[in-house]
>>> print(open('my_file-v5.txt').read())   # compact mmCIF, C-alpha atoms
# COMPACT_ATOMS: atom_id res chain seq x y z
CA MET A 1 5.79 2.98 -4.25
CA HIS A 2 7.65 -0.01 -2.86
CA PRO A 3 6.31 -2.20 -0.03
CA ARG A 4 8.23 -3.11 3.10
CA THR A 5 7.29 -5.49 5.89
CA LEU A 6 6.13 -3.88 9.13
CA GLY A 7 7.84 -6.02 11.74
CA ARG A 8 7.22 -9.58 12.93
CA ASN A 9 4.46 -11.23 10.89
CA GLY A 10 3.49 -7.74 9.84
CA ASN A 11 1.64 -6.22 6.95
CA ALA A 12 3.28 -5.15 3.74
CA VAL A 13 3.05 -1.35 3.86
CA SER A 14 4.22 1.49 1.67
CA GLU A 15 7.75 2.60 2.45
CA VAL A 16 6.49 6.18 2.53
CA GLY A 17 3.53 6.45 4.87
CA PHE A 18 1.49 9.35 6.21
CA GLY A 19 1.79 11.01 9.61
CA ALA A 20 -1.56 12.45 10.63
CA TRP A 21 -0.43 14.81 13.41
CA GLN A 22 -0.59 17.81 11.08
CA ILE A 23 -4.27 17.29 10.25
CA GLY A 24 -5.12 16.97 13.95
CA ALA A 25 -3.53 19.92 15.73
CA ASP A 26 -0.37 21.82 16.67
CA TRP A 27 0.64 22.74 13.11
CA GLY A 28 -1.83 25.50 12.40
CA GLU A 29 -5.40 25.08 11.22
CA VAL A 30 -6.21 22.51 8.52
CA GLY A 31 -9.86 22.38 7.45
CA GLU A 32 -11.72 19.08 7.40
CA ASP A 33 -12.23 19.04 3.63
CA GLU A 34 -8.55 19.85 3.01
CA ALA A 35 -7.48 17.16 5.49
CA LEU A 36 -9.58 14.50 3.78
CA ALA A 37 -8.38 15.59 0.34
CA THR A 38 -4.81 15.30 1.61
CA LEU A 39 -5.39 11.78 2.94
CA HIS A 40 -6.93 10.70 -0.36
CA ALA A 41 -4.06 12.25 -2.34
CA ALA A 42 -1.60 10.21 -0.31
CA ALA A 43 -3.52 7.01 -1.02
CA ASP A 44 -3.77 7.93 -4.71
CA ALA A 45 0.04 8.14 -4.72
CA GLY A 46 0.37 4.62 -3.28
CA VAL A 47 0.56 5.31 0.46
CA THR A 48 -0.98 2.48 2.50
CA PHE A 49 0.26 3.21 6.04
CA PHE A 50 -1.38 5.97 8.09
CA ASP A 51 -0.24 6.89 11.60
CA THR A 52 -2.35 8.87 14.05
CA ALA A 53 -2.83 9.24 17.82
CA ASP A 54 -5.67 9.75 20.26
CA VAL A 55 -4.33 13.13 21.38
CA TYR A 56 -3.88 14.72 17.96
CA GLY A 57 -6.60 17.35 18.15
CA ASP A 58 -8.20 15.45 21.06
CA GLY A 59 -9.29 12.69 18.69
CA ARG A 60 -9.83 14.82 15.58
CA SER A 61 -7.04 13.14 13.66
CA GLU A 62 -8.33 9.66 14.47
CA ARG A 63 -11.86 10.59 13.42
CA LEU A 64 -10.64 12.05 10.13
CA VAL A 65 -8.51 9.00 9.39
CA GLY A 66 -11.42 6.73 10.27
CA ARG A 67 -13.73 8.59 7.91
CA PHE A 68 -11.11 8.48 5.17
CA VAL A 69 -10.66 4.70 5.53
CA ARG A 70 -14.42 4.16 5.30
CA GLU A 71 -14.60 6.35 2.20
CA ARG A 72 -11.65 4.57 0.63
CA ALA A 73 -12.76 1.01 1.45
CA ASP A 74 -9.34 -0.38 0.53
CA PRO A 75 -8.28 -3.48 2.49
CA ALA A 76 -4.62 -2.67 1.85
CA LEU A 77 -4.75 0.39 4.10
CA VAL A 78 -3.12 -0.01 7.52
CA VAL A 79 -3.84 2.43 10.35
CA ALA A 80 -1.69 2.72 13.44
CA THR A 81 -2.64 4.83 16.43
CA LYS A 82 -1.05 5.70 19.75
CA MET A 83 -2.21 5.92 23.35
CA GLY A 84 -0.92 7.06 26.70
CA ARG A 85 -0.65 10.85 26.49
CA ARG A 86 -4.18 11.53 27.71
CA ALA A 87 -3.03 11.33 31.33
CA GLU A 88 -0.22 12.69 33.44
CA GLN A 89 2.96 10.93 32.41
CA THR A 90 3.51 8.57 35.32
CA VAL A 91 3.98 4.83 35.09
CA GLU A 92 1.02 4.32 37.44
CA ASN A 93 -1.32 5.92 34.90
CA TYR A 94 -0.57 3.11 32.44
CA SER A 95 -2.99 0.92 34.36
CA PRO A 96 -5.12 -1.87 32.88
CA GLU A 97 -8.19 0.33 33.32
CA ASN A 98 -6.67 3.35 31.57
CA LEU A 99 -5.19 1.30 28.74
CA ARG A 100 -8.59 -0.20 28.00
CA ALA A 101 -10.38 3.13 28.27
CA TRP A 102 -7.92 4.70 25.81
CA ASN A 103 -8.30 1.69 23.53
CA ASP A 104 -12.09 1.96 23.61
CA ARG A 105 -11.95 5.63 22.67
CA SER A 106 -9.60 5.03 19.73
CA ARG A 107 -11.74 2.18 18.43
CA GLU A 108 -14.76 4.47 18.56
CA ASN A 109 -12.93 7.35 16.88
CA LEU A 110 -11.62 5.14 14.09
CA GLY A 111 -14.85 3.17 13.77
CA VAL A 112 -13.34 -0.29 14.12
CA ASP A 113 -13.70 -3.22 16.50
CA THR A 114 -10.02 -4.16 16.41
CA LEU A 115 -7.14 -1.72 16.01
CA GLU A 116 -4.41 -2.87 13.62
CA LEU A 117 -1.46 -1.44 15.55
CA VAL A 118 -1.42 0.49 18.84
CA GLN A 119 1.75 2.20 20.04
CA LEU A 120 2.46 3.47 23.53
CA HIS A 121 2.93 7.20 22.98
CA CYS A 122 6.36 8.16 24.33
CA PRO A 123 5.74 6.91 27.88
CA PRO A 124 8.05 7.62 30.84
CA THR A 125 11.38 5.85 30.63
CA ASP A 126 10.67 3.85 33.81
CA LEU A 127 7.72 2.15 32.09
CA TYR A 128 10.09 0.09 29.94
CA PHE A 129 11.28 -1.59 33.13
CA ARG A 130 7.75 -2.66 34.13
CA PRO A 131 7.05 -6.00 32.42
CA GLU A 132 3.52 -6.10 33.80
CA VAL A 133 2.54 -3.30 31.41
CA PHE A 134 3.67 -5.34 28.41
CA GLU A 135 1.94 -8.42 29.80
CA ASP A 136 -1.27 -6.40 29.91
CA LEU A 137 -0.76 -5.32 26.30
CA ASP A 138 -0.39 -9.00 25.40
CA ALA A 139 -3.70 -9.63 27.17
CA MET A 140 -5.36 -6.85 25.16
CA VAL A 141 -4.23 -8.52 21.96
CA ALA A 142 -5.73 -11.79 23.20
CA GLU A 143 -8.96 -9.93 23.97
CA GLY A 144 -9.20 -8.85 20.31
CA ARG A 145 -8.85 -5.15 21.06
CA MET A 146 -5.82 -4.82 18.79
CA ARG A 147 -3.85 -7.08 16.51
CA ARG A 148 -0.37 -5.89 17.47
CA TYR A 149 1.31 -3.30 19.61
CA GLY A 150 4.48 -1.28 19.59
CA VAL A 151 6.06 1.73 21.23
CA SER A 152 6.83 5.27 20.17
CA VAL A 153 10.01 6.40 21.89
CA GLU A 154 12.06 9.52 22.43
CA ARG A 155 15.45 7.89 23.00
CA VAL A 156 17.50 5.10 21.52
CA GLU A 157 17.97 3.57 24.96
CA GLU A 158 14.20 3.29 25.38
CA ALA A 159 13.93 1.56 22.01
CA LEU A 160 16.66 -0.94 22.90
CA LYS A 161 14.89 -1.81 26.15
CA ALA A 162 11.46 -2.05 24.53
CA ILE A 163 12.47 -4.59 21.90
CA GLN A 164 13.54 -7.01 24.61
CA TYR A 165 9.82 -7.70 25.11
CA PRO A 166 8.75 -10.32 22.55
CA GLY A 167 5.32 -8.76 22.00
CA VAL A 168 6.71 -5.42 20.78
CA ALA A 169 6.19 -5.56 17.03
CA THR A 170 7.25 -2.04 16.09
CA VAL A 171 9.19 0.95 17.34
CA GLN A 172 8.46 4.48 16.18
CA ILE A 173 11.44 6.78 16.52
CA VAL A 174 12.74 10.17 15.34
CA PHE A 175 15.25 9.59 12.55
CA ASN A 176 16.41 11.92 9.82
CA ALA A 177 19.53 13.50 8.37
CA PHE A 178 19.66 15.67 11.51
CA ARG A 179 19.04 12.79 13.97
CA GLN A 180 21.22 9.90 12.83
CA ARG A 181 22.02 7.99 16.03
CA PRO A 182 19.25 5.34 15.63
CA ALA A 183 21.06 4.01 12.54
CA GLY A 184 23.72 2.46 14.76
CA LEU A 185 23.04 -0.16 17.41
CA PHE A 186 19.26 0.22 17.44
CA PHE A 187 18.75 -0.48 13.74
CA ARG A 188 21.01 -3.53 13.95
CA GLU A 189 19.11 -4.91 16.94
CA ALA A 190 15.71 -4.18 15.40
CA GLU A 191 16.64 -6.03 12.22
CA ALA A 192 18.02 -8.98 14.17
CA ARG A 193 14.79 -9.27 16.17
CA GLY A 194 12.43 -8.67 13.26
CA VAL A 195 11.03 -5.47 14.79
CA GLY A 196 9.44 -2.94 12.47
CA VAL A 197 10.79 0.62 12.49
CA VAL A 198 8.43 3.53 11.88
CA VAL A 199 10.32 6.80 11.31
CA ARG A 200 8.70 10.02 12.46
CA VAL A 201 9.80 13.67 12.23
CA PRO A 202 11.63 12.77 8.99
CA LEU A 203 11.89 16.38 7.83
CA ALA A 204 12.83 17.81 11.24
CA SER A 205 9.50 19.68 11.50
CA GLY A 206 10.04 21.16 8.04
CA LEU A 207 13.65 22.26 8.45
CA LEU A 208 14.68 19.66 5.86
CA SER A 209 12.11 20.96 3.40
CA GLY A 210 14.40 23.93 2.80
CA ARG A 211 11.46 26.33 2.86
CA TYR A 212 12.37 28.27 6.00
CA THR A 213 14.58 31.31 6.60
CA ARG A 214 15.51 33.32 9.65
CA GLU A 215 12.50 35.51 8.91
CA THR A 216 10.01 32.61 8.97
CA THR A 217 7.39 32.88 11.70
CA PHE A 218 4.93 30.29 13.01
CA GLY A 219 1.46 30.72 14.49
CA GLU A 220 0.80 30.61 18.21
CA ASP A 221 -1.00 27.26 17.75
CA ASP A 222 2.02 25.73 15.99
CA HIS A 223 4.43 23.63 18.09
CA ARG A 224 7.33 25.14 16.12
CA GLN A 225 6.44 28.32 18.00
CA PHE A 226 5.16 27.16 21.40
CA ASN A 227 7.53 24.21 21.88
CA ARG A 228 10.70 25.76 20.43
CA ASN A 229 12.52 25.14 23.73
CA GLY A 230 10.55 22.13 24.95
CA GLU A 231 7.93 24.12 26.86
CA ALA A 232 5.06 21.69 26.08
CA PHE A 233 6.72 18.32 25.35
CA ASP A 234 10.10 16.84 24.46
CA VAL A 235 12.01 19.43 22.45
CA GLY A 236 13.32 16.62 20.24
CA GLU A 237 9.89 16.54 18.56
CA THR A 238 10.34 20.13 17.33
CA PHE A 239 12.97 20.61 14.62
CA ALA A 240 14.33 17.23 15.85
CA GLY A 241 15.90 19.13 18.74
CA VAL A 242 18.21 21.09 16.44
CA PRO A 243 18.50 24.83 17.17
CA PHE A 244 16.58 26.53 14.36
CA GLU A 245 19.39 28.72 13.08
CA VAL A 246 21.89 25.84 13.20
CA GLY A 247 19.52 23.77 11.10
CA LEU A 248 19.09 26.56 8.55
CA ASP A 249 22.85 26.76 8.03
CA ALA A 250 23.14 23.00 7.64
CA VAL A 251 20.33 22.95 5.09
CA GLU A 252 22.29 25.29 2.85
CA GLU A 253 25.09 22.73 2.71
CA LEU A 254 22.63 20.02 1.70
CA ARG A 255 20.98 21.94 -1.16
CA PRO A 256 23.66 21.12 -3.78
CA LEU A 257 22.94 17.40 -3.25
CA VAL A 258 19.32 17.62 -4.44
CA PRO A 259 18.86 15.68 -7.71
CA GLU A 260 17.55 17.57 -10.72
CA GLY A 261 13.77 17.72 -10.68
CA ALA A 262 13.53 16.77 -7.00
CA SER A 263 13.11 18.75 -3.79
CA LEU A 264 15.21 18.89 -0.66
CA ALA A 265 12.35 17.20 1.24
CA GLN A 266 12.40 14.32 -1.22
CA LEU A 267 16.16 13.99 -0.86
CA ALA A 268 15.75 13.86 2.94
CA LEU A 269 13.09 11.15 2.68
CA ARG A 270 15.14 9.14 0.18
CA TRP A 271 18.11 9.29 2.57
CA ILE A 272 15.96 7.63 5.24
CA LEU A 273 14.87 4.91 2.82
CA MET A 274 18.51 4.06 2.18
CA HIS A 275 18.43 2.28 5.56
CA PRO A 276 16.94 -1.22 5.17
CA ALA A 277 15.92 -1.42 8.85
CA VAL A 278 13.26 1.24 8.17
CA SER A 279 9.81 -0.22 7.54
CA THR A 280 8.09 3.04 6.68
CA VAL A 281 8.66 6.77 7.07
CA ILE A 282 5.69 8.98 7.98
CA PRO A 283 6.03 12.59 6.83
CA GLY A 284 3.05 14.78 7.53
CA ALA A 285 1.23 16.89 4.99
CA ARG A 286 -1.22 19.77 5.06
CA SER A 287 -2.24 19.70 1.39
CA PRO A 288 -2.73 17.17 -1.41
CA GLU A 289 0.33 18.58 -3.17
CA GLN A 290 2.54 17.97 -0.14
CA ALA A 291 1.21 14.44 0.24
CA ALA A 292 1.90 13.58 -3.40
CA GLY A 293 5.36 15.15 -3.22
CA ASN A 294 6.28 13.11 -0.15
CA ALA A 295 5.17 9.88 -1.79
CA ALA A 296 7.21 10.66 -4.91
CA ALA A 297 10.41 10.44 -2.84
CA ALA A 298 10.11 6.66 -3.13
CA ASP A 299 10.73 6.98 -6.87
CA LEU A 300 14.07 8.76 -6.56
CA PRO A 301 17.16 6.70 -7.46
CA ALA A 302 19.28 5.43 -4.61
CA LEU A 303 21.72 8.04 -3.31
CA ASP A 304 25.31 7.43 -4.29
CA GLY A 305 28.25 7.12 -1.92
CA ALA A 306 29.32 10.71 -2.38
CA ALA A 307 25.91 12.06 -1.40
CA MET A 308 25.70 9.77 1.64
CA ALA A 309 29.18 10.85 2.73
CA ALA A 310 28.33 14.52 2.32
CA ILE A 311 25.19 14.18 4.45
CA ALA A 312 27.22 12.34 7.09
CA ARG A 313 29.79 15.13 7.12
CA VAL A 314 27.19 17.87 7.57
CA TYR A 315 25.69 15.92 10.45
CA GLU A 316 28.97 15.30 12.21
CA GLU A 317 30.25 18.83 11.83
CA ARG A 318 27.11 20.91 12.37
CA ILE A 319 24.36 18.85 14.00
CA ALA A 320 25.74 16.00 16.11
CA PRO A 321 27.12 18.21 18.91
CA HIS A 322 23.56 19.42 19.59
CA VAL A 323 21.62 16.14 19.42
CA HIS A 324 23.65 12.96 19.12
CA GLN A 325 24.02 11.85 22.74
CA ARG A 326 20.82 13.54 23.88
CA TRP A 327 18.45 11.17 22.14
>>> encode(input="my_file-v5.txt", output="structure tokens")
Amino acid sequence: MHPRTLGRNGNAVSEVGFGAWQIGADWGEVGEDEALATLHAAADAGVTFFDTADVYGDGRSERLVGRFVRERADPALVVATKMGRRAEQTVENYSPENLRAWNDRSRENLGVDTLELVQLHCPPTDLYFRPEVFEDLDAMVAEGRMRRYGVSVERVEEALKAIQYPGVATVQIVFNAFRQRPAGLFFREAEARGVGVVVRVPLASGLLSGRYTRETTFGEDDHRQFNRNGEAFDVGETFAGVPFEVGLDAVEELRPLVPEGASLAQLALRWILMHPAVSTVIPGARSPEQAAGNAAAADLPALDGAAMAAIARVYEERIAPHVHQRW
């Protein structure tokens, strides 16, 4: 596992991290023992960056990650959380009082006095034009509530606006072989400003694992069922906004590119790591085997020019018309 720097004056973190949404909620039930075993398997494989949020399972994910960190007692582990989705999504709800109440709850859930990294959790677009919110986040850093802060965004335009604020250390964004637009202007600007990039939804909600068919079904408590058309939150979080059947067809064109002994998921993660602006990519996992398999993507050789060109072609021909300008 190779380290990368997480933004301005940031920690060295594993280039493959761990996204803890799956062990919280909205992906089907994961038992507590299995969740903890999965977290430990990731750390055993060299993962040092763990991303959670206060709303994943109404705090369940944070509490599990906090317990795991105490059990592990490894100072190299870095935990990032997110706040802002516990209230109606209006700019006015991002008040100093609410921000501190959310911060207090996350510190309690994780069992720490100071949070390492706190990200605003996909706030309304208008918030990025309210400098007083970012000034208040600066004040919270000065108060010792958190060491650094960043934003988790839905759209490239939000990311470009956010990094104009000097206190924004990181941006979390959807980026994968089916959502390639961030690799343009945003990645260049992030690198120029020293902003860390945390990549989420790297496997397009499992589409890029290659495990699904048109007959695959998902449980009623799985966002791949209840948010298929954006009924609960931004549809770009589910299958990266790609229509399911379109994604299945595109996956079949990617299969021949998988190196011998590797999986399609590992190829998809290695493709993301080909972009130097990326600080860490945070696939989720529901089992120790999945966690270890995700981490092993870091050991794959760099993809050659032919493979990169083939992935670009599949995106341009099959996927871009559905997603490129939308996010």
>>> atom_distance(input="my_file-v5.txt", atom1="atom CA of A:Leu64", atom2="atom CA of A:Ser209")
25.3 Å
>>> residues_around(input="my_file-v5.txt", residues="stretch 69-74 of chain A", least_positions_apart="3", cutoff="9 Å", atoms="only C-alpha atoms", output="ChimeraX atom specification")
/A:40,43,64-66,77,79,110-111
>>> write_last_selection(input="my_file-v5.txt", atoms="C-alpha atoms", output="mmCIF file, in the frame of the given file")
data_model
loop_
_atom_site.group_PDB
_atom_site.id
_atom_site.type_symbol
_atom_site.label_atom_id
_atom_site.label_comp_id
_atom_site.auth_asym_id
_atom_site.auth_seq_id
_atom_site.Cartn_x
_atom_site.Cartn_y
_atom_site.Cartn_z
ATOM 1 C CA HIS A 40 -6.930 10.700 -0.360
ATOM 2 C CA ALA A 43 -3.520 7.010 -1.020
ATOM 3 C CA LEU A 64 -10.640 12.050 10.130
ATOM 4 C CA VAL A 65 -8.510 9.000 9.390
ATOM 5 C CA GLY A 66 -11.420 6.730 10.270
ATOM 6 C CA LEU A 77 -4.750 0.390 4.100
ATOM 7 C CA VAL A 79 -3.840 2.430 10.350
ATOM 8 C CA LEU A 110 -11.620 5.140 14.090
ATOM 9 C CA GLY A 111 -14.850 3.170 13.770
#
>>> atom_distance(input="my_file-v5.txt", atom1="atom CA of A:Arg86", atom2="atom CA of A:Ala285")
24.0 Å
>>> residues_near_point(input="my_file-v5.txt", point="(0.4, -0.6, 3.3)", cutoff="7 Å", atoms="all atoms listed in the file", output="ChimeraX atom specification")
/A:3,11-14,47-49,76-78
>>> closest_residue(input="my_file-v5.txt", among="A:Gln266, A:Asn229, A:Thr125, A:Thr217", to="A:Ala177", atoms="all atoms listed in the file")
A:Gln266
>>> atom_distance(input="my_file-v5.txt", atom1="atom CA of A:Ile311", atom2="atom CA of A:Ile163")
28.6 Å
>>> closest_residue(input="my_file-v5.txt", among="A:Val156, A:Val197, A:Thr216, A:Leu267", to="A:Arg4", atoms="all atoms listed in the file")
A:Val197
>>> build_atoms(input="my_file-v5.txt", residues="stretch 215-227 of chain A", atoms="N, CA and C atoms", output="mmCIF file, in the coordinates of the input")
data_model
loop_
_atom_site.group_PDB
_atom_site.id
_atom_site.type_symbol
_atom_site.label_atom_id
_atom_site.label_comp_id
_atom_site.auth_asym_id
_atom_site.auth_seq_id
_atom_site.Cartn_x
_atom_site.Cartn_y
_atom_site.Cartn_z
ATOM 1 N N GLU A 215 13.669 34.637 8.795
ATOM 2 C CA GLU A 215 12.500 35.510 8.910
ATOM 3 C C GLU A 215 11.195 34.736 9.022
ATOM 4 N N THR A 216 11.227 33.414 8.899
ATOM 5 C CA THR A 216 10.010 32.610 8.970
ATOM 6 C C THR A 216 9.407 32.682 10.365
ATOM 7 N N THR A 217 8.098 32.876 10.425
ATOM 8 C CA THR A 217 7.390 32.880 11.700
ATOM 9 C C THR A 217 6.322 31.787 11.680
ATOM 10 N N PHE A 218 5.929 31.339 12.859
ATOM 11 C CA PHE A 218 4.930 30.290 13.010
ATOM 12 C C PHE A 218 3.813 30.785 13.924
ATOM 13 N N GLY A 219 2.598 30.295 13.700
ATOM 14 C CA GLY A 219 1.460 30.720 14.490
ATOM 15 C C GLY A 219 1.552 30.283 15.946
ATOM 16 N N GLU A 220 0.780 30.934 16.784
ATOM 17 C CA GLU A 220 0.800 30.610 18.210
ATOM 18 C C GLU A 220 0.305 29.199 18.486
ATOM 19 N N ASP A 221 -0.490 28.614 17.569
ATOM 20 C CA ASP A 221 -1.000 27.260 17.750
ATOM 21 C C ASP A 221 -0.115 26.216 17.073
ATOM 22 N N ASP A 222 1.079 26.609 16.678
ATOM 23 C CA ASP A 222 2.020 25.730 15.990
ATOM 24 C C ASP A 222 3.145 25.360 16.961
ATOM 25 N N HIS A 223 3.420 24.048 17.107
ATOM 26 C CA HIS A 223 4.430 23.630 18.090
ATOM 27 C C HIS A 223 5.815 24.170 17.751
ATOM 28 N N ARG A 224 6.037 24.555 16.482
ATOM 29 C CA ARG A 224 7.330 25.140 16.120
ATOM 30 C C ARG A 224 7.495 26.535 16.704
ATOM 31 N N GLN A 225 6.398 27.071 17.254
ATOM 32 C CA GLN A 225 6.440 28.320 18.000
ATOM 33 C C GLN A 225 6.394 28.036 19.506
ATOM 34 N N PHE A 226 5.353 27.264 19.953
ATOM 35 C CA PHE A 226 5.160 27.160 21.400
ATOM 36 C C PHE A 226 6.009 26.083 22.071
ATOM 37 N N ASN A 227 6.662 25.229 21.266
ATOM 38 C CA ASN A 227 7.530 24.210 21.880
ATOM 39 C C ASN A 227 8.979 24.360 21.425
#
